[in-house]
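Accompanying notes for the structure given below.
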Amino acid sequence: MPRNEEAEMAVLGACMHQSEVIERVRRLVEPGDFYRPAHTTVWHALLDLHRQQAPTDPIALGHQLQRTGDLARVGGAAYLHTLASAAAVGAGAEYYAEIIRQQADLRAMQAMAVRVLQGATAEGADPAEVRNLLNASVQEITDRTRRSTGGRLQRYALDGWAFVTETATNTEPIWGMPGKAAWAAGESLMLVGPPGVGKSTIAQQVVLARIGLIAQVLDMPVQEGEKVLYIAADRPSQLARAFSRIIRPVDEKILRQRLVFWSGPLPVSLITEPQLLAELAAEHGADTVVIDSLKDVVGKLTDDEAGLAYNNARQQLLRDGVQLLELHHQRKQGQDASRSQRPVLDQVYGSAWFTAGAGSVLFVAGAAGDPIVHLHHLKTINDEIGPLPVTHDHQRGTSRVEDHLDPLTLLRQAGTSGLTARQLAEQVTGEANPRQADVAKARRRLEALAKSGHATQETGAGGGAGGGQATRWTAVPARHMTIVS
């Protein structure tokens with residue numbers, strides 16, 4: 001069989017001397033590419049040590065193999081020192097890794113050729129079946145070639161027709177409804193706000209919905225997932241206390257099977273290993289990752305290089321089909337400003353790469369201790385959500401949208417005087433000077449109430465020397481209401 005055991009020894013020895021070589025080699029070879037089973041076992045042990053940021057020298061490697069019961073099987077400590085003495089130096093490890101890959105490709109091709117030959121020479125062989133076997137073997141060889149040295153250059157490449165026709169263009173909501181999504185599949189959700197306004201409280205409810213314990217958060221449905229990896233890099237003990245408010249003993253089985261917490265800092269920097277998030281998700285079988293919070297996994301948030309590296313890590317994770325929820329904070333500002341000013345994307349702290357690469361950005365505006373905070377949709381997926389007035393029940397760990405700020409409720413409270421679109425926008429947003437977009441949204445809501453028979457509309461008059469009069473809507477008494485289909 002095609003093989004080059006000396007090249008395998010040179011690569012493993014180099015990884016033992018310089019652990020950073022492991023990252024370069026793993027891009028070229030897979031564990032099954034080693035011919036000797038003992039070398040595959042040693043490679044797995046080196047990867048485990050590298051993930052732990054532990055030394056990879058013969059002593060540490062021997063300890064790792066002894067712990068897993070594999071030391072004697074690979075030839076003992078003496079063979080590890082033999083590997084170390086065969087180490088390639090400089091860029092030689094990658095050169096020899098290419099040889100390992102090439103030999104593995106040849107072995108795979110030989111095995112495929114044997115299968116086709118056996119099929120063709122078997123008694124009563126069907127030419128059509130042999131042809132199908134041959135085509136499947138050619139495709140298998142092609143796929144293997146793409147996974148090898150050119151694989152990382154081919155991994156995400158699609159021809160023009162395939163890209164246009166096969167790439168999903170519809171927005172599937174994870175949280176929200178079609179056409180009005182707070183969080184969409186394949187795009188990250190960033191939840192931003194100052195301390196004490198309930199970002200983690202909202203995130204916890206979304207997590208519980210993803211594992212099937214609740215159905216809605218803030219009156220919006222959440223699509224159930226499989227398993228959540230929660231990176232609790234910021235005050236894990238406080239997070240545990242927060243979760244203890246809302247879980248029940250009956251939830252134990254689901255929590256053990258479908259929710260895993262990474263408590264503390266990440267093992268390595270995302271700047272040096274941007275693939276780490278994807279590897280963590282794969283390691284724990286998670287289809288959703290929550291980062292709490294960005295400042296604890298990125299480092300210098302204002303550095304564009306760090307922001308770009310994080311965005312690279314984010315996109316690799318999303319490209320693997322894993323959904324991402326990120327908690328972040330705003331730039332520091334006065335307490336009064338946090339209450340009175342409408343938030344904008346520029347208030348999100350750090351490099352612009354954080355918001356540029358996010359699919360949706362929700363901002364919880366208010367100050368710590370405010371009875372009602374407002375949820376603003378700063379970066380939308382399709383139609384804007386909110387602003388939503390939100391009240392947190394800190395004892396129960398739940399949140400709700402305040403019904404008394406619902407447009408129909410406000411219209412009924414206004415009585416016979418009714419409301420204009422601007423007046424409704426002022427009450428819903430809590431702002432004395434709402435944006436024109438908010439006024440337009442309020443007008444659409446009032447028009448929808450009129451169309452459904454819940455309100456009547458008194459069309460205003462245009463301006464002039466004597467001024468004008470704005471269109472006004474009045475709630476229809478329940479006993480007189482006629483539903484219009």
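Residues are referred to by chain and number: the chain letter is A, B, ... according to the order shown in the structure tokens, the number counts from 1 in that chain, and ligands are numbered separately from 1 in the order shown.
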Original post:
So which bits of stretch 64-266 of chain A end up strand (DSSP E) when you DSSP the backbone, as a VMD selection string?
Top reply: chain A and resid 173 to 177 180 to 184 189 to 192 216 to 217 220 to 221 228 to 232 259 to 263
Original post:
Any idea what's packed within 9 Å of A:His329, counting only C-alpha atoms, ignoring anything in its chain fewer than 4 positions away? Could you give it as a ChimeraX atom specification?
Top reply: /A:191-195,293-295,347-349
Original post:
If you count only C-alpha atoms, which residues fall within 8 Å of stretch 73-76 of chain A, apart from same-chain ones fewer than 3 positions away, as a PyMOL selection string?
Top reply: chain A and resi 38-39+41-42+62+70+79-80
Using the selection just defined, write its residues with all heavy atoms as a PDB file, in the first residue's frame.
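Output (again-v2.pdb):
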ATOM      1  N   ALA A  38      -0.854   3.463  15.049  1.00  0.00           N
ATOM      2  CA  ALA A  38      -0.206   4.091  16.201  1.00  0.00           C
ATOM      3  C   ALA A  38      -0.002   5.579  15.961  1.00  0.00           C
ATOM      4  O   ALA A  38      -0.153   6.400  16.873  1.00  0.00           O
ATOM      5  CB  ALA A  38       1.139   3.421  16.485  1.00  0.00           C
ATOM      6  N   HIS A  39       0.308   5.946  14.723  1.00  0.00           N
ATOM      7  CA  HIS A  39       0.500   7.363  14.407  1.00  0.00           C
ATOM      8  C   HIS A  39      -0.824   8.133  14.479  1.00  0.00           C
ATOM      9  O   HIS A  39      -0.852   9.290  14.893  1.00  0.00           O
ATOM     10  CB  HIS A  39       1.132   7.500  13.020  1.00  0.00           C
ATOM     11  CG  HIS A  39       2.543   7.028  12.964  1.00  0.00           C
ATOM     12  ND1 HIS A  39       3.251   6.866  11.781  1.00  0.00           N
ATOM     13  CD2 HIS A  39       3.418   6.667  13.959  1.00  0.00           C
ATOM     14  CE1 HIS A  39       4.472   6.441  12.050  1.00  0.00           C
ATOM     15  NE2 HIS A  39       4.593   6.301  13.364  1.00  0.00           N
ATOM     16  N   THR A  41      -3.230   7.403  16.551  1.00  0.00           N
ATOM     17  CA  THR A  41      -3.471   7.562  17.992  1.00  0.00           C
ATOM     18  C   THR A  41      -2.636   8.707  18.557  1.00  0.00           C
ATOM     19  O   THR A  41      -3.118   9.525  19.348  1.00  0.00           O
ATOM     20  CB  THR A  41      -3.144   6.247  18.728  1.00  0.00           C
ATOM     21  OG1 THR A  41      -3.951   5.195  18.193  1.00  0.00           O
ATOM     22  CG2 THR A  41      -3.419   6.384  20.217  1.00  0.00           C
ATOM     23  N   VAL A  42      -1.363   8.781  18.168  1.00  0.00           N
ATOM     24  CA  VAL A  42      -0.489   9.859  18.633  1.00  0.00           C
ATOM     25  C   VAL A  42      -1.027  11.216  18.155  1.00  0.00           C
ATOM     26  O   VAL A  42      -1.035  12.197  18.916  1.00  0.00           O
ATOM     27  CB  VAL A  42       0.953   9.644  18.134  1.00  0.00           C
ATOM     28  CG1 VAL A  42       1.810  10.875  18.412  1.00  0.00           C
ATOM     29  CG2 VAL A  42       1.568   8.413  18.797  1.00  0.00           C
ATOM     30  N   GLY A  62       3.387  11.406  26.523  1.00  0.00           N
ATOM     31  CA  GLY A  62       3.371  10.096  27.165  1.00  0.00           C
ATOM     32  C   GLY A  62       2.350  10.037  28.284  1.00  0.00           C
ATOM     33  O   GLY A  62       1.635   9.034  28.447  1.00  0.00           O
ATOM     34  N   ASP A  70      -3.336   4.175  26.004  1.00  0.00           N
ATOM     35  CA  ASP A  70      -2.823   3.907  24.662  1.00  0.00           C
ATOM     36  C   ASP A  70      -1.294   3.891  24.574  1.00  0.00           C
ATOM     37  O   ASP A  70      -0.746   3.640  23.496  1.00  0.00           O
ATOM     38  CB  ASP A  70      -3.345   4.962  23.675  1.00  0.00           C
ATOM     39  CG  ASP A  70      -4.844   4.882  23.484  1.00  0.00           C
ATOM     40  OD1 ASP A  70      -5.359   3.755  23.381  1.00  0.00           O
ATOM     41  OD2 ASP A  70      -5.499   5.948  23.431  1.00  0.00           O
ATOM     42  N   TYR A  79       9.242   4.874  21.977  1.00  0.00           N
ATOM     43  CA  TYR A  79       8.893   5.208  20.598  1.00  0.00           C
ATOM     44  C   TYR A  79       8.565   6.690  20.455  1.00  0.00           C
ATOM     45  O   TYR A  79       8.829   7.293  19.406  1.00  0.00           O
ATOM     46  CB  TYR A  79       7.706   4.369  20.121  1.00  0.00           C
ATOM     47  CG  TYR A  79       7.418   4.567  18.640  1.00  0.00           C
ATOM     48  CD1 TYR A  79       8.339   4.161  17.681  1.00  0.00           C
ATOM     49  CD2 TYR A  79       6.259   5.187  18.210  1.00  0.00           C
ATOM     50  CE1 TYR A  79       8.117   4.356  16.326  1.00  0.00           C
ATOM     51  CE2 TYR A  79       6.006   5.394  16.854  1.00  0.00           C
ATOM     52  CZ  TYR A  79       6.939   4.970  15.919  1.00  0.00           C
ATOM     53  OH  TYR A  79       6.717   5.171  14.580  1.00  0.00           O
ATOM     54  N   LEU A  80       8.016   7.293  21.511  1.00  0.00           N
ATOM     55  CA  LEU A  80       7.741   8.729  21.461  1.00  0.00           C
ATOM     56  C   LEU A  80       9.033   9.518  21.297  1.00  0.00           C
ATOM     57  O   LEU A  80       9.086  10.511  20.563  1.00  0.00           O
ATOM     58  CB  LEU A  80       6.992   9.175  22.718  1.00  0.00           C
ATOM     59  CG  LEU A  80       5.606   8.569  22.948  1.00  0.00           C
ATOM     60  CD1 LEU A  80       4.952   9.191  24.170  1.00  0.00           C
ATOM     61  CD2 LEU A  80       4.713   8.742  21.726  1.00  0.00           C
TER      62      LEU A  80
END
Subject >> All helix (DSSP H, G or I) positions in stretch 177-252 of chain A, as a ChimeraX atom specification >> reply: /A:199-210,236-244,249-252
Contacts between stretch 392-412 of chain A and stretch 220-314 of chain A, please, where a residue of stretch 220-314 of chain A counts if it comes within 9 Å (with only C-alpha atoms); show its shortest atom pair and distance in Å to one decimal, rows by chain and ascending number, as CSV.
residue,atom,partner,partner_atom,distance
A:Ala242,CA,A:Gly397,CA,7.0
A:Phe243,CA,A:Gly397,CA,7.7
A:Ser244,CA,A:Gly397,CA,8.9
A:Arg245,CA,A:Arg396,CA,5.7
A:Ile246,CA,A:Gly397,CA,5.7
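The protein and nucleic acid residues lying at most 12 Å from A:Arg256 are Ile211, Lys227, Val228, Leu229, Pro249 and Val250 of chain A, with only C-alpha atoms considered and sequence neighbours fewer than 6 positions away removed.
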Take the residues just selected and output them with N, CA and C atoms as a CSV table (one decimal), in the first residue's frame.
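Result file follows (selection16.csv):
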chain,number,residue,atom,x,y,z
A,211,ILE,N,-34.4,25.3,23.7
A,211,ILE,CA,-34.4,23.9,24.1
A,211,ILE,C,-35.8,23.4,24.4
A,227,LYS,N,-29.6,21.9,20.7
A,227,LYS,CA,-28.7,22.0,21.9
A,227,LYS,C,-28.1,23.3,21.9
A,228,VAL,N,-27.9,24.0,23.0
A,228,VAL,CA,-27.4,25.3,23.2
A,228,VAL,C,-26.1,25.2,24.0
A,229,LEU,N,-25.0,25.8,23.4
A,229,LEU,CA,-23.8,26.0,24.2
A,229,LEU,C,-23.7,27.5,24.6
A,249,PRO,N,-37.4,21.6,38.9
A,249,PRO,CA,-36.8,20.3,39.0
A,249,PRO,C,-37.2,19.4,37.8
A,250,VAL,N,-38.4,19.6,37.3
A,250,VAL,CA,-38.9,18.8,36.2
A,250,VAL,C,-38.2,19.0,34.9
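Shortest separation to A:Ala306 among A:Leu270, A:Cys15, A:Leu277, A:Val476 occurs at residue A:Leu270, atoms counted being only C-alpha atoms.
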What's the 10 Å shell around A:Val297, counting only C-alpha atoms, without same-chain residues fewer than 5 positions away, as an mmCIF file with N, CA and C atoms, in the first residue's frame?
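The result, written out as around_37.cif:
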data_model
loop_
_atom_site.group_PDB
_atom_site.id
_atom_site.type_symbol
_atom_site.label_atom_id
_atom_site.label_comp_id
_atom_site.auth_asym_id
_atom_site.auth_seq_id
_atom_site.Cartn_x
_atom_site.Cartn_y
_atom_site.Cartn_z
ATOM 1 N N ILE A 231 -21.648 30.267 26.402
ATOM 2 C CA ILE A 231 -20.308 30.642 26.850
ATOM 3 C C ILE A 231 -20.457 31.712 27.925
ATOM 4 N N ALA A 232 -20.376 31.273 29.182
ATOM 5 C CA ALA A 232 -20.563 32.174 30.331
ATOM 6 C C ALA A 232 -19.210 32.729 30.753
ATOM 7 N N ALA A 233 -18.662 33.608 29.925
ATOM 8 C CA ALA A 233 -17.341 34.174 30.198
ATOM 9 C C ALA A 233 -17.413 35.332 31.178
ATOM 10 N N ASP A 234 -18.602 35.876 31.422
ATOM 11 C CA ASP A 234 -18.770 37.043 32.283
ATOM 12 C C ASP A 234 -19.599 36.660 33.505
ATOM 13 N N GLY A 264 -16.225 30.407 32.157
ATOM 14 C CA GLY A 264 -14.909 31.020 32.231
ATOM 15 C C GLY A 264 -14.391 31.434 30.870
ATOM 16 N N PRO A 265 -13.123 31.847 30.813
ATOM 17 C CA PRO A 265 -12.545 32.339 29.544
ATOM 18 C C PRO A 265 -12.356 31.215 28.539
ATOM 19 N N LEU A 266 -12.266 31.595 27.267
ATOM 20 C CA LEU A 266 -12.001 30.619 26.216
ATOM 21 C C LEU A 266 -10.572 30.102 26.337
ATOM 22 N N PRO A 267 -10.314 28.887 25.841
ATOM 23 C CA PRO A 267 -8.965 28.311 26.003
ATOM 24 C C PRO A 267 -7.891 29.046 25.224
ATOM 25 N N VAL A 268 -8.249 29.645 24.077
ATOM 26 C CA VAL A 268 -7.294 30.399 23.281
ATOM 27 C C VAL A 268 -7.997 31.631 22.719
ATOM 28 N N SER A 269 -7.223 32.554 22.196
ATOM 29 C CA SER A 269 -7.784 33.771 21.619
ATOM 30 C C SER A 269 -8.403 33.486 20.256
ATOM 31 N N LEU A 270 -9.540 34.133 19.993
ATOM 32 C CA LEU A 270 -10.170 34.003 18.675
ATOM 33 C C LEU A 270 -9.349 34.696 17.594
ATOM 34 N N ILE A 271 -8.443 35.572 17.993
ATOM 35 C CA ILE A 271 -7.580 36.229 17.012
ATOM 36 C C ILE A 271 -6.614 35.230 16.404
ATOM 37 N N ILE A 291 -22.918 33.905 23.464
ATOM 38 C CA ILE A 291 -21.694 34.489 24.018
ATOM 39 C C ILE A 291 -22.084 35.586 25.002
ATOM 40 N N ASP A 292 -21.706 35.425 26.239
ATOM 41 C CA ASP A 292 -22.036 36.382 27.295
ATOM 42 C C ASP A 292 -20.745 36.712 28.063
ATOM 43 N N TYR A 310 -12.796 38.517 15.169
ATOM 44 C CA TYR A 310 -14.027 37.987 15.756
ATOM 45 C C TYR A 310 -15.090 37.753 14.683
#
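Remark: for A:Arg51, the closest of the candidate residues A:His63, A:Ala111, A:Glu187, A:Glu283 is A:Glu283 (distances computed over only C-alpha atoms).
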Subject >> Spatial neighbours of A:Arg314, max dist 10 Å, only C-alpha atoms, sep filter under 4 positions, as a ChimeraX atom specification >> reply: /A:187-188,270,274-278,308-310,318-319,322-324,326,354,357-358
